[in-house]
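Asker: my_file.pdb is the file, holding PDB, C-alpha atoms, pLDDT in the B column:
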```pdb
ATOM      1  CA  PHE F  18      36.964  91.889  56.132  1.00 45.00           C
ATOM      2  CA  PHE F  19      35.590  95.255  57.252  1.00 45.00           C
ATOM      3  CA  PHE F  20      35.370  96.526  53.675  1.00 44.00           C
ATOM      4  CA  PHE F  21      33.278  93.534  52.537  1.00 45.00           C
ATOM      5  CA  PHE F  22      31.001  93.867  55.525  1.00 44.00           C
ATOM      6  CA  PHE F  23      30.644  97.592  54.912  1.00 43.00           C
ATOM      7  CA  VAL F  24      29.876  97.197  51.193  1.00 42.00           C
ATOM      8  CA  GLY F  25      27.537  94.257  51.836  1.00 44.00           C
ATOM      9  CA  PHE F  26      25.688  96.162  54.541  1.00 46.00           C
ATOM     10  CA  PHE F  27      24.919  99.148  52.343  1.00 45.00           C
ATOM     11  CA  SER F  28      24.255  97.260  49.130  1.00 41.00           C
ATOM     12  CA  THR F  29      21.342  95.265  50.547  1.00 47.00           C
ATOM     13  CA  ALA F  30      17.877  95.839  49.175  1.00 49.00           C
ATOM     14  CA  ARG F  31      15.412  98.200  50.811  1.00 60.00           C
ATOM     15  CA  MET F  32      14.058  96.701  53.987  1.00 85.00           C
ATOM     16  CA  ILE F  33      10.343  97.278  53.492  1.00 94.00           C
ATOM     17  CA  ASN F  34       8.796  97.098  50.026  1.00 95.00           C
ATOM     18  CA  PHE F  35       5.225  97.919  51.027  1.00 96.00           C
ATOM     19  CA  VAL F  36       2.802  98.095  53.949  1.00 97.00           C
ATOM     20  CA  LEU F  37      -0.867  97.084  53.824  1.00 97.00           C
ATOM     21  CA  MET F  38      -3.554  97.485  56.456  1.00 97.00           C
ATOM     22  CA  PHE F  39      -6.871  95.754  55.887  1.00 97.00           C
ATOM     23  CA  SER F  40      -9.941  94.566  57.770  1.00 96.00           C
ATOM     24  CA  ARG F  41     -11.083  91.020  58.521  1.00 95.00           C
ATOM     25  CA  GLN F  42     -13.581  91.476  55.685  1.00 96.00           C
ATOM     26  CA  GLY F  43     -10.759  92.166  53.238  1.00 96.00           C
ATOM     27  CA  LYS F  44     -11.307  95.940  52.890  1.00 97.00           C
ATOM     28  CA  LEU F  45      -8.061  97.785  52.278  1.00 97.00           C
ATOM     29  CA  ARG F  46      -7.635 100.637  54.775  1.00 96.00           C
ATOM     30  CA  LEU F  47      -4.062 101.768  54.132  1.00 96.00           C
ATOM     31  CA  GLN F  48      -1.364 100.978  51.592  1.00 97.00           C
ATOM     32  CA  LYS F  49       2.096 102.417  51.238  1.00 96.00           C
ATOM     33  CA  TYR F  50       4.539 101.270  48.542  1.00 96.00           C
ATOM     34  CA  TYR F  51       8.227 102.158  48.753  1.00 94.00           C
ATOM     35  CA  ASP F  52       8.979 100.923  45.228  1.00 91.00           C
ATOM     36  CA  ALA F  53       7.684 102.285  41.944  1.00 91.00           C
ATOM     37  CA  THR F  54       4.671 100.089  41.171  1.00 91.00           C
ATOM     38  CA  THR F  55       1.823 100.537  38.700  1.00 95.00           C
ATOM     39  CA  GLN F  56      -1.766 100.868  39.921  1.00 96.00           C
ATOM     40  CA  LYS F  57      -2.664  97.629  38.170  1.00 97.00           C
ATOM     41  CA  GLU F  58       0.143  95.749  39.924  1.00 96.00           C
ATOM     42  CA  LYS F  59      -0.787  97.301  43.298  1.00 96.00           C
ATOM     43  CA  LYS F  60      -4.381  96.113  42.921  1.00 96.00           C
ATOM     44  CA  ARG F  61      -3.272  92.631  41.909  1.00 96.00           C
ATOM     45  CA  VAL F  62      -0.768  92.347  44.774  1.00 96.00           C
ATOM     46  CA  THR F  63      -3.278  93.676  47.288  1.00 96.00           C
ATOM     47  CA  ARG F  64      -6.047  91.345  46.165  1.00 96.00           C
ATOM     48  CA  GLU F  65      -3.730  88.327  46.134  1.00 96.00           C
ATOM     49  CA  LEU F  66      -2.171  88.995  49.541  1.00 97.00           C
ATOM     50  CA  ILE F  67      -5.412  89.826  51.318  1.00 97.00           C
ATOM     51  CA  ALA F  68      -6.948  86.574  50.075  1.00 97.00           C
ATOM     52  CA  LEU F  69      -3.835  84.615  51.048  1.00 96.00           C
ATOM     53  CA  ILE F  70      -3.618  86.054  54.575  1.00 97.00           C
ATOM     54  CA  LEU F  71      -7.344  85.873  55.339  1.00 97.00           C
ATOM     55  CA  ALA F  72      -7.389  82.188  54.300  1.00 96.00           C
ATOM     56  CA  ARG F  73      -4.756  81.300  56.913  1.00 95.00           C
ATOM     57  CA  LYS F  74      -5.722  79.885  60.300  1.00 94.00           C
ATOM     58  CA  PRO F  75      -5.036  82.018  63.411  1.00 90.00           C
ATOM     59  CA  LYS F  76      -2.441  79.603  64.852  1.00 92.00           C
ATOM     60  CA  MET F  77      -0.343  79.560  61.668  1.00 94.00           C
ATOM     61  CA  CYS F  78       2.999  81.322  61.378  1.00 94.00           C
ATOM     62  CA  ASN F  79       2.906  85.063  60.637  1.00 95.00           C
ATOM     63  CA  PHE F  80       5.574  84.788  57.912  1.00 96.00           C
ATOM     64  CA  ILE F  81       4.811  83.847  54.316  1.00 96.00           C
ATOM     65  CA  GLU F  82       7.321  83.217  51.526  1.00 95.00           C
ATOM     66  CA  TRP F  83       5.766  85.015  48.549  1.00 93.00           C
ATOM     67  CA  ARG F  84       7.456  85.582  45.205  1.00 91.00           C
ATOM     68  CA  ASP F  85      10.967  86.799  46.013  1.00 92.00           C
ATOM     69  CA  MET F  86       9.800  88.478  49.231  1.00 94.00           C
ATOM     70  CA  ARG F  87       8.731  87.525  52.690  1.00 96.00           C
ATOM     71  CA  ILE F  88       5.362  88.770  53.962  1.00 97.00           C
ATOM     72  CA  VAL F  89       5.190  89.490  57.681  1.00 97.00           C
ATOM     73  CA  TYR F  90       1.685  90.045  58.985  1.00 97.00           C
ATOM     74  CA  LYS F  91      -0.048  90.460  62.324  1.00 96.00           C
ATOM     75  CA  ARG F  92      -3.664  90.809  63.328  1.00 96.00           C
ATOM     76  CA  TYR F  93      -4.632  93.389  65.934  1.00 94.00           C
ATOM     77  CA  ALA F  94      -8.360  93.315  66.819  1.00 89.00           C
ATOM     78  CA  SER F  95     -10.213  93.681  63.494  1.00 91.00           C
ATOM     79  CA  LEU F  96      -7.228  94.929  61.468  1.00 96.00           C
ATOM     80  CA  TYR F  97      -4.444  93.065  59.707  1.00 97.00           C
ATOM     81  CA  PHE F  98      -1.062  94.703  59.141  1.00 97.00           C
ATOM     82  CA  ALA F  99       1.027  93.139  56.362  1.00 97.00           C
ATOM     83  CA  VAL F 100       4.565  94.161  55.443  1.00 97.00           C
ATOM     84  CA  ALA F 101       6.619  92.867  52.525  1.00 96.00           C
ATOM     85  CA  VAL F 102      10.361  92.633  53.093  1.00 96.00           C
ATOM     86  CA  SER F 103      13.194  91.084  51.124  1.00 92.00           C
ATOM     87  CA  ALA F 104      13.854  87.426  51.837  1.00 90.00           C
ATOM     88  CA  GLU F 105      17.125  88.223  53.652  1.00 91.00           C
ATOM     89  CA  ASP F 106      15.601  90.642  56.161  1.00 91.00           C
ATOM     90  CA  ASN F 107      14.837  89.885  59.778  1.00 91.00           C
ATOM     91  CA  GLU F 108      11.172  88.931  60.244  1.00 93.00           C
ATOM     92  CA  LEU F 109      11.183  89.576  63.992  1.00 93.00           C
ATOM     93  CA  LEU F 110      12.498  93.082  63.472  1.00 93.00           C
ATOM     94  CA  THR F 111       9.702  93.650  60.965  1.00 94.00           C
ATOM     95  CA  LEU F 112       7.139  92.413  63.501  1.00 95.00           C
ATOM     96  CA  GLU F 113       8.600  94.913  65.982  1.00 94.00           C
ATOM     97  CA  ILE F 114       8.143  97.730  63.463  1.00 95.00           C
ATOM     98  CA  VAL F 115       4.503  96.702  62.940  1.00 96.00           C
ATOM     99  CA  HIS F 116       4.000  96.570  66.700  1.00 96.00           C
ATOM    100  CA  ARG F 117       5.595 100.014  67.117  1.00 95.00           C
ATOM    101  CA  TYR F 118       3.204 101.425  64.511  1.00 95.00           C
ATOM    102  CA  VAL F 119       0.206  99.881  66.273  1.00 96.00           C
ATOM    103  CA  GLU F 120       1.427 101.289  69.603  1.00 95.00           C
ATOM    104  CA  LEU F 121       1.625 104.747  68.024  1.00 94.00           C
ATOM    105  CA  LEU F 122      -1.897 104.422  66.631  1.00 95.00           C
ATOM    106  CA  ASP F 123      -3.161 103.239  70.021  1.00 95.00           C
ATOM    107  CA  LYS F 124      -1.459 106.083  71.856  1.00 94.00           C
ATOM    108  CA  TYR F 125      -2.844 108.713  69.484  1.00 93.00           C
ATOM    109  CA  PHE F 126      -6.388 107.375  69.068  1.00 93.00           C
ATOM    110  CA  GLY F 127      -6.688 105.664  72.447  1.00 91.00           C
ATOM    111  CA  SER F 128      -7.208 102.000  71.542  1.00 89.00           C
ATOM    112  CA  VAL F 129      -7.335 102.314  67.761  1.00 91.00           C
ATOM    113  CA  CYS F 130     -10.157 100.697  65.826  1.00 91.00           C
ATOM    114  CA  GLU F 131     -11.038 100.409  62.160  1.00 94.00           C
ATOM    115  CA  LEU F 132     -13.291 103.484  62.276  1.00 94.00           C
ATOM    116  CA  ASP F 133     -10.396 105.612  63.544  1.00 94.00           C
ATOM    117  CA  ILE F 134      -8.426 104.633  60.459  1.00 95.00           C
ATOM    118  CA  ILE F 135     -11.381 105.205  58.123  1.00 95.00           C
ATOM    119  CA  PHE F 136     -12.175 108.705  59.413  1.00 95.00           C
ATOM    120  CA  ASN F 137      -8.575 109.778  60.119  1.00 94.00           C
ATOM    121  CA  PHE F 138      -6.652 108.028  57.364  1.00 94.00           C
ATOM    122  CA  GLU F 139      -4.421 111.074  56.822  1.00 93.00           C
ATOM    123  CA  LYS F 140      -3.206 110.790  60.434  1.00 93.00           C
ATOM    124  CA  ALA F 141      -2.487 107.075  59.957  1.00 95.00           C
ATOM    125  CA  TYR F 142      -0.439 107.860  56.832  1.00 95.00           C
ATOM    126  CA  PHE F 143       1.357 110.719  58.595  1.00 93.00           C
ATOM    127  CA  MET F 144       2.306 108.430  61.494  1.00 94.00           C
ATOM    128  CA  LEU F 145       3.581 105.808  59.074  1.00 95.00           C
ATOM    129  CA  ASP F 146       5.624 108.450  57.254  1.00 93.00           C
ATOM    130  CA  GLU F 147       7.089 109.679  60.546  1.00 92.00           C
ATOM    131  CA  LEU F 148       8.015 106.113  61.498  1.00 93.00           C
ATOM    132  CA  LEU F 149       9.272 104.855  58.123  1.00 93.00           C
ATOM    133  CA  LEU F 150      11.125 106.718  55.407  1.00 91.00           C
ATOM    134  CA  GLY F 151      11.766 105.031  52.080  1.00 89.00           C
ATOM    135  CA  GLY F 152      11.109 101.611  53.572  1.00 90.00           C
ATOM    136  CA  GLU F 153      13.564 102.064  56.441  1.00 90.00           C
ATOM    137  CA  MET F 154      12.930 102.868  60.086  1.00 90.00           C
ATOM    138  CA  GLN F 155      13.277 106.633  60.447  1.00 89.00           C
ATOM    139  CA  GLU F 156      12.373 107.262  64.070  1.00 87.00           C
ATOM    140  CA  THR F 157      12.429 104.704  66.873  1.00 87.00           C
ATOM    141  CA  SER F 158      11.167 107.007  69.609  1.00 89.00           C
ATOM    142  CA  LYS F 159       7.394 106.903  70.077  1.00 89.00           C
ATOM    143  CA  LYS F 160       7.633 110.181  71.966  1.00 92.00           C
ATOM    144  CA  ASN F 161       9.283 111.983  69.028  1.00 92.00           C
ATOM    145  CA  VAL F 162       6.751 110.641  66.521  1.00 91.00           C
ATOM    146  CA  LEU F 163       3.857 111.703  68.755  1.00 91.00           C
ATOM    147  CA  LYS F 164       5.443 115.169  69.181  1.00 93.00           C
ATOM    148  CA  ALA F 165       5.561 115.560  65.389  1.00 91.00           C
ATOM    149  CA  ILE F 166       1.920 114.489  65.116  1.00 91.00           C
ATOM    150  CA  MET F 167       0.831 116.902  67.846  1.00 92.00           C
ATOM    151  CA  ALA F 168       2.774 119.720  66.129  1.00 93.00           C
ATOM    152  CA  GLN F 169       0.986 118.912  62.873  1.00 90.00           C
ATOM    153  CA  ASP F 170      -2.379 118.931  64.686  1.00 90.00           C
ATOM    154  CA  MET F 171      -1.607 122.375  66.138  1.00 92.00           C
ATOM    155  CA  LEU F 172      -0.635 123.706  62.684  1.00 91.00           C
ATOM    156  CA  GLN F 173      -3.848 122.328  61.225  1.00 88.00           C
ATOM    157  CA  GLU F 174      -5.941 123.925  63.996  1.00 89.00           C
ATOM    158  CA  GLU F 175      -4.174 127.281  63.497  1.00 89.00           C
ATOM    159  CA  SER F 176      -4.768 127.065  59.763  1.00 87.00           C
ATOM    160  CA  GLU F 177      -8.461 126.315  60.238  1.00 85.00           C
ATOM    161  CA  ALA F 178      -8.820 129.164  62.769  1.00 85.00           C
ATOM    162  CA  THR F 179      -7.163 131.599  60.342  1.00 87.00           C
ATOM    163  CA  LYS F 180      -9.369 130.394  57.506  1.00 83.00           C
ATOM    164  CA  SER F 181     -12.572 130.835  59.514  1.00 83.00           C
ATOM    165  CA  ALA F 182     -11.454 134.306  60.672  1.00 82.00           C
ATOM    166  CA  LEU F 183     -10.834 135.331  57.060  1.00 80.00           C
ATOM    167  CA  GLU F 184     -14.232 133.968  56.016  1.00 83.00           C
ATOM    168  CA  GLU F 185     -15.920 136.042  58.739  1.00 82.00           C
ATOM    169  CA  LEU F 186     -14.117 139.172  57.533  1.00 81.00           C
ATOM    170  CA  MET F 187     -15.274 138.550  53.963  1.00 82.00           C
ATOM    171  CA  MET F 188     -18.947 138.454  54.985  1.00 75.00           C
TER     172      MET F 188
END
```
Please lay out the structure from this file as structure tokens.
Answerer:
Amino acid sequence: FFFFFFVGFFSTARMINFVLMFSRQGKLRLQKYYDATTQKEKKRVTRELIALILARKPKMCNFIEWRDMRIVYKRYASLYFAVAVSAEDNELLTLEIVHRYVELLDKYFGSVCELDIIFNFEKAYFMLDELLLGGEMQETSKKNVLKAIMAQDMLQEESEATKSALEELMM
């Protein structure tokens, strides 16, 4: 029994196939694919899913059966977060992951809005990469993710200070 459980547990498909973040107007703000996908397919999938989700009424269920996947989406203020998972995966767990990501964005930006994502998209991607690795939850602690982000910010500031000091020396 244990062997079958063990083999079955590790032979399951990747939890998250891709993550999309888009506005109420349908503008894509962030996309992260964890499977090898062509640009053409990414555009088609993005266009199709954004149209499908935006057409749904607010009181409808946040889970959509789509192709051989399940789309879990949630709207926070003016942004939609959509995650594609395999049909066997837990939708509520996926909603928790989306919520954790939004909490991280809120903590870092202080009540995140669409403009924060537009002007600091690299930070949004970095936070997503700290939270998820290869479509699986990498770090559950918000504190540890925020520490990594703050460390990256300090490195970036040091790099910019060094660069400006070198530019002054060259003049």
Asker: Between atom CA of Trp83 of chain F and atom CA of Tyr142 of chain F, what distance in Å does the model show, to one decimal?
Answerer: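 These atoms are spaced 25.1 Å apart.
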Asker: Would you mind telling me which residue in F:Glu185, F:Asp52, F:Asp146, F:Asp133 lies nearest to Val102 of chain F when using all atoms listed in the file?
Answerer: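 Smallest separation from Val102 of chain F among the options: F:Asp52.
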Asker: For the structure shown, which residues end up in the PyMOL selection byres ((chain F and resi 97-101) around 10)? Put them as a short mmCIF file (atom, residue, chain, number, x, y, z; two decimals) with C-alpha atoms, in the coordinates of the input, please?
Answerer:
```
data_model
loop_
_atom_site.label_atom_id
_atom_site.label_comp_id
_atom_site.auth_asym_id
_atom_site.auth_seq_id
_atom_site.Cartn_x
_atom_site.Cartn_y
_atom_site.Cartn_z
CA MET F 32 14.06 96.70 53.99
CA ILE F 33 10.34 97.28 53.49
CA ASN F 34 8.80 97.10 50.03
CA PHE F 35 5.22 97.92 51.03
CA VAL F 36 2.80 98.10 53.95
CA LEU F 37 -0.87 97.08 53.82
CA MET F 38 -3.55 97.48 56.46
CA PHE F 39 -6.87 95.75 55.89
CA SER F 40 -9.94 94.57 57.77
CA ARG F 41 -11.08 91.02 58.52
CA GLY F 43 -10.76 92.17 53.24
CA LEU F 45 -8.06 97.78 52.28
CA ARG F 46 -7.64 100.64 54.78
CA LEU F 47 -4.06 101.77 54.13
CA GLN F 48 -1.36 100.98 51.59
CA LYS F 49 2.10 102.42 51.24
CA TYR F 50 4.54 101.27 48.54
CA LEU F 66 -2.17 89.00 49.54
CA ILE F 67 -5.41 89.83 51.32
CA ILE F 70 -3.62 86.05 54.58
CA LEU F 71 -7.34 85.87 55.34
CA ASN F 79 2.91 85.06 60.64
CA PHE F 80 5.57 84.79 57.91
CA ILE F 81 4.81 83.85 54.32
CA GLU F 82 7.32 83.22 51.53
CA TRP F 83 5.77 85.02 48.55
CA ASP F 85 10.97 86.80 46.01
CA MET F 86 9.80 88.48 49.23
CA ARG F 87 8.73 87.52 52.69
CA ILE F 88 5.36 88.77 53.96
CA VAL F 89 5.19 89.49 57.68
CA TYR F 90 1.68 90.04 58.98
CA LYS F 91 -0.05 90.46 62.32
CA ARG F 92 -3.66 90.81 63.33
CA TYR F 93 -4.63 93.39 65.93
CA ALA F 94 -8.36 93.32 66.82
CA SER F 95 -10.21 93.68 63.49
CA LEU F 96 -7.23 94.93 61.47
CA VAL F 102 10.36 92.63 53.09
CA SER F 103 13.19 91.08 51.12
CA ALA F 104 13.85 87.43 51.84
CA ASP F 106 15.60 90.64 56.16
CA GLU F 108 11.17 88.93 60.24
CA THR F 111 9.70 93.65 60.96
CA LEU F 112 7.14 92.41 63.50
CA ILE F 114 8.14 97.73 63.46
CA VAL F 115 4.50 96.70 62.94
CA HIS F 116 4.00 96.57 66.70
CA TYR F 118 3.20 101.42 64.51
CA VAL F 119 0.21 99.88 66.27
CA GLY F 152 11.11 101.61 53.57
#
```
Asker: Need the shell around Asp170 of chain F: protein/DNA/RNA residues with any atom at most 10 Å away, counting all atoms listed in the file. Skip same-chain ones fewer than 6 positions apart. Format as a list of chain:residue names?
Answerer: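 With the cut-off at 10 Å, the set is F:Lys140, F:Lys164, F:Ser176.
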Asker: To one decimal in Å, tell me the separation between atom CA of Lys74 of chain F and atom CA of Lys44 of chain F.
Answerer: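 A separation of 18.5 Å between them.
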Asker: Since the input is missing atoms for segment 176-187 of chain F, could you rebuild it with all heavy atoms and give the result as a PDB file, in the frame of the given file?
Answerer:
```pdb
ATOM      1  N   SER F 176      -4.374 126.804  61.139  1.00 87.00           N
ATOM      2  CA  SER F 176      -4.768 127.065  59.763  1.00 87.00           C
ATOM      3  C   SER F 176      -6.284 127.181  59.633  1.00 87.00           C
ATOM      4  O   SER F 176      -6.795 128.077  58.955  1.00 87.00           O
ATOM      5  CB  SER F 176      -4.233 125.957  58.861  1.00 87.00           C
ATOM      6  OG  SER F 176      -4.759 126.071  57.574  1.00 87.00           O
ATOM      7  N   GLU F 177      -6.998 126.284  60.284  1.00 85.00           N
ATOM      8  CA  GLU F 177      -8.461 126.315  60.238  1.00 85.00           C
ATOM      9  C   GLU F 177      -9.012 127.554  60.943  1.00 85.00           C
ATOM     10  O   GLU F 177      -9.987 128.150  60.473  1.00 85.00           O
ATOM     11  CB  GLU F 177      -9.037 125.041  60.854  1.00 85.00           C
ATOM     12  CG  GLU F 177      -8.811 123.820  59.983  1.00 85.00           C
ATOM     13  CD  GLU F 177      -9.179 122.511  60.656  1.00 85.00           C
ATOM     14  OE1 GLU F 177      -9.641 122.532  61.824  1.00 85.00           O
ATOM     15  OE2 GLU F 177      -8.993 121.454  60.025  1.00 85.00           O
ATOM     16  N   ALA F 178      -8.383 127.965  62.056  1.00 85.00           N
ATOM     17  CA  ALA F 178      -8.820 129.164  62.769  1.00 85.00           C
ATOM     18  C   ALA F 178      -8.600 130.408  61.903  1.00 85.00           C
ATOM     19  O   ALA F 178      -9.461 131.282  61.832  1.00 85.00           O
ATOM     20  CB  ALA F 178      -8.069 129.287  64.085  1.00 85.00           C
ATOM     21  N   THR F 179      -7.461 130.473  61.227  1.00 87.00           N
ATOM     22  CA  THR F 179      -7.163 131.599  60.342  1.00 87.00           C
ATOM     23  C   THR F 179      -8.142 131.635  59.178  1.00 87.00           C
ATOM     24  O   THR F 179      -8.645 132.702  58.810  1.00 87.00           O
ATOM     25  CB  THR F 179      -5.716 131.493  59.815  1.00 87.00           C
ATOM     26  OG1 THR F 179      -4.823 131.411  60.911  1.00 87.00           O
ATOM     27  CG2 THR F 179      -5.360 132.679  58.956  1.00 87.00           C
ATOM     28  N   LYS F 180      -8.434 130.479  58.625  1.00 83.00           N
ATOM     29  CA  LYS F 180      -9.369 130.394  57.506  1.00 83.00           C
ATOM     30  C   LYS F 180     -10.765 130.865  57.914  1.00 83.00           C
ATOM     31  O   LYS F 180     -11.409 131.642  57.198  1.00 83.00           O
ATOM     32  CB  LYS F 180      -9.431 128.963  56.989  1.00 83.00           C
ATOM     33  CG  LYS F 180     -10.336 128.774  55.800  1.00 83.00           C
ATOM     34  CD  LYS F 180     -10.357 127.327  55.356  1.00 83.00           C
ATOM     35  CE  LYS F 180     -11.373 127.113  54.251  1.00 83.00           C
ATOM     36  NZ  LYS F 180     -11.473 125.710  53.865  1.00 83.00           N
ATOM     37  N   SER F 181     -11.230 130.424  59.071  1.00 83.00           N
ATOM     38  CA  SER F 181     -12.572 130.835  59.514  1.00 83.00           C
ATOM     39  C   SER F 181     -12.612 132.325  59.845  1.00 83.00           C
ATOM     40  O   SER F 181     -13.613 132.991  59.597  1.00 83.00           O
ATOM     41  CB  SER F 181     -13.032 129.993  60.705  1.00 83.00           C
ATOM     42  OG  SER F 181     -12.197 130.206  61.817  1.00 83.00           O
ATOM     43  N   ALA F 182     -11.510 132.870  60.388  1.00 82.00           N
ATOM     44  CA  ALA F 182     -11.454 134.306  60.672  1.00 82.00           C
ATOM     45  C   ALA F 182     -11.505 135.115  59.378  1.00 82.00           C
ATOM     46  O   ALA F 182     -12.194 136.141  59.298  1.00 82.00           O
ATOM     47  CB  ALA F 182     -10.186 134.640  61.455  1.00 82.00           C
ATOM     48  N   LEU F 183     -10.804 134.637  58.353  1.00 80.00           N
ATOM     49  CA  LEU F 183     -10.834 135.331  57.060  1.00 80.00           C
ATOM     50  C   LEU F 183     -12.210 135.252  56.418  1.00 80.00           C
ATOM     51  O   LEU F 183     -12.663 136.216  55.807  1.00 80.00           O
ATOM     52  CB  LEU F 183      -9.787 134.731  56.119  1.00 80.00           C
ATOM     53  CG  LEU F 183      -8.338 135.088  56.420  1.00 80.00           C
ATOM     54  CD1 LEU F 183      -7.387 134.294  55.524  1.00 80.00           C
ATOM     55  CD2 LEU F 183      -8.104 136.590  56.245  1.00 80.00           C
ATOM     56  N   GLU F 184     -12.877 134.123  56.567  1.00 83.00           N
ATOM     57  CA  GLU F 184     -14.232 133.968  56.016  1.00 83.00           C
ATOM     58  C   GLU F 184     -15.213 134.920  56.701  1.00 83.00           C
ATOM     59  O   GLU F 184     -16.089 135.492  56.057  1.00 83.00           O
ATOM     60  CB  GLU F 184     -14.700 132.519  56.152  1.00 83.00           C
ATOM     61  CG  GLU F 184     -14.018 131.577  55.179  1.00 83.00           C
ATOM     62  CD  GLU F 184     -14.396 130.114  55.409  1.00 83.00           C
ATOM     63  OE1 GLU F 184     -15.071 129.805  56.404  1.00 83.00           O
ATOM     64  OE2 GLU F 184     -14.006 129.292  54.568  1.00 83.00           O
ATOM     65  N   GLU F 185     -15.046 135.110  58.005  1.00 82.00           N
ATOM     66  CA  GLU F 185     -15.920 136.042  58.739  1.00 82.00           C
ATOM     67  C   GLU F 185     -15.686 137.467  58.276  1.00 82.00           C
ATOM     68  O   GLU F 185     -16.621 138.271  58.180  1.00 82.00           O
ATOM     69  CB  GLU F 185     -15.659 135.925  60.242  1.00 82.00           C
ATOM     70  CG  GLU F 185     -16.242 134.663  60.849  1.00 82.00           C
ATOM     71  CD  GLU F 185     -15.964 134.570  62.350  1.00 82.00           C
ATOM     72  OE1 GLU F 185     -15.649 135.601  62.969  1.00 82.00           O
ATOM     73  OE2 GLU F 185     -16.047 133.446  62.865  1.00 82.00           O
ATOM     74  N   LEU F 186     -14.433 137.823  58.005  1.00 81.00           N
ATOM     75  CA  LEU F 186     -14.117 139.172  57.533  1.00 81.00           C
ATOM     76  C   LEU F 186     -14.685 139.444  56.142  1.00 81.00           C
ATOM     77  O   LEU F 186     -15.045 140.563  55.816  1.00 81.00           O
ATOM     78  CB  LEU F 186     -12.600 139.390  57.496  1.00 81.00           C
ATOM     79  CG  LEU F 186     -11.913 139.547  58.849  1.00 81.00           C
ATOM     80  CD1 LEU F 186     -10.397 139.593  58.667  1.00 81.00           C
ATOM     81  CD2 LEU F 186     -12.398 140.808  59.554  1.00 81.00           C
ATOM     82  N   MET F 187     -14.768 138.401  55.324  1.00 82.00           N
ATOM     83  CA  MET F 187     -15.274 138.550  53.963  1.00 82.00           C
ATOM     84  C   MET F 187     -16.782 138.759  53.939  1.00 82.00           C
ATOM     85  O   MET F 187     -17.306 139.277  52.970  1.00 82.00           O
ATOM     86  CB  MET F 187     -14.905 137.322  53.126  1.00 82.00           C
ATOM     87  CG  MET F 187     -13.400 137.114  53.010  1.00 82.00           C
ATOM     88  SD  MET F 187     -12.632 138.470  52.159  1.00 82.00           S
ATOM     89  CE  MET F 187     -12.323 137.711  50.601  1.00 82.00           C
TER      90      MET F 187
END
```
